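The block underneath contains the structure these notes are about, expressed in structure tokens.
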Amino acid sequence: FFRAKSSVELNTSKKTATTDDGSATFSSIEVYETSNHNDTIRGSDRAETFLAGDGDDIIRSAGGADTLEGGAGDDVFQYRRRDVIDSDGDHRGVDVITDYGVGDVIDLSDITRGDNSGVSLVQTETGLMITADINGTQTAIAELVGVSDVSVVVFGSDSEMLA
């Protein structure tokens with residue numbers, strides 16, 4: 001999908017990709033590379049790798065322990081409660097975001113409901129781990145590889161800083 005001439009809407013759960021030029025279905029792909037436009041990516045409950053191009057992308061892993069690369073542009077990494085824990089309360093995996101940078105946003109608004117007080121950043125050997133209080137348990141969501149400065153991490157759809 002990386003050669004698309006317009007934005008890509010990718011949904012690996014439904015196994016579909018749509019652009020202005022049409023749509024396609026696929027199966028059994030583990031690494032997805034999208035265009036240099038403003039793409040929308042929604043994963044599945046499987047472990048996948050998403051390599052977004054240079055646009056301002058919206059990336060929602062939707063479960064599984066995924067590897068996410070937003071590429072250049074101001075990207076939004078979006079998480080919903082059901083993406084992090086399943087209906088039985090079981091953890092669905094920790095994502096790895098390989099290129100988080102200034103201008104990118106971590107959208108936890110569905111998890112925090114506007115209250116970021118339960119969100120923590122924990123220093124790891126390779127970056128910062130994002131955790132959030134879900135049902136009274138501090139739960140790992142994603143690791144920002146190579147990030148050590150908490151002041152560059154922006155949370156929420158309203159771009160509130162957590163510092």
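To be explicit about the labels: the chains of the structure tokens are called A, B, and onward in the order shown, and within each one the residues are counted from 1, while ligands get numbers from 1 in the order they are shown.
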Query - Spatial neighbours of Thr49 in chain A, 6 Å, only C-alpha atoms, chain gap at least 6 places, as a list in words - result: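 The filter keeps Val31, Asp66, Thr67 and Leu68 of chain A.
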Take the residues from that selection and write them out as a compact mmCIF listing (two decimals), in the first residue's frame, keeping all heavy atoms.
```txt
# COMPACT_ATOMS: atom_id res chain seq x y z
N VAL A 31 3.33 -7.63 8.11
CA VAL A 31 3.96 -6.31 8.05
C VAL A 31 3.22 -5.48 7.02
O VAL A 31 3.08 -5.89 5.86
CB VAL A 31 5.46 -6.40 7.68
CG1 VAL A 31 6.08 -5.01 7.57
CG2 VAL A 31 6.21 -7.24 8.70
N ASP A 66 2.00 -5.15 19.01
CA ASP A 66 2.35 -4.64 17.69
C ASP A 66 3.59 -3.77 17.72
O ASP A 66 3.93 -3.18 18.75
CB ASP A 66 1.19 -3.82 17.11
CG ASP A 66 -0.05 -4.65 16.89
OD1 ASP A 66 0.08 -5.83 16.52
OD2 ASP A 66 -1.16 -4.14 17.10
N THR A 67 4.24 -3.66 16.57
CA THR A 67 5.33 -2.72 16.36
C THR A 67 4.78 -1.62 15.46
O THR A 67 4.26 -1.91 14.38
CB THR A 67 6.54 -3.40 15.70
OG1 THR A 67 7.00 -4.45 16.56
CG2 THR A 67 7.67 -2.41 15.47
N LEU A 68 4.89 -0.37 15.92
CA LEU A 68 4.30 0.76 15.21
C LEU A 68 5.36 1.79 14.86
O LEU A 68 6.16 2.18 15.71
CB LEU A 68 3.23 1.43 16.08
CG LEU A 68 2.20 0.51 16.75
CD1 LEU A 68 1.32 1.30 17.69
CD2 LEU A 68 1.38 -0.22 15.70
```
Report task. Run DSSP on the backbone and grab whatever in range 4-136 of chain A lands in helix (DSSP H, G or I); send it over as a ChimeraX atom specification. Result -> /A:81-84,109-112,116-118
Requested in this report: Name the closest residue to Asp45 in chain A among the candidates A:Ile29, A:Ile111, A:Val102, A:Val84; distances are taken between atoms, counting only C-alpha atoms.
Outcome: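 That would be A:Val84, the residue with the smallest distance to Asp45 in chain A.
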**Report entry** Best match for closeness to Arg60 in chain A among A:Glu143, A:Asp115, A:Asp86, A:Asp95, counting only C-alpha atoms
**Finding:**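 Ranked by minimum distance to Arg60 in chain A, first place goes to A:Asp95.
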Report summary line: With distances taken over only C-alpha atoms, the candidate from A:Thr124, A:Thr18, A:Leu10, A:Gly118 nearest Gly136 in chain A is A:Gly118
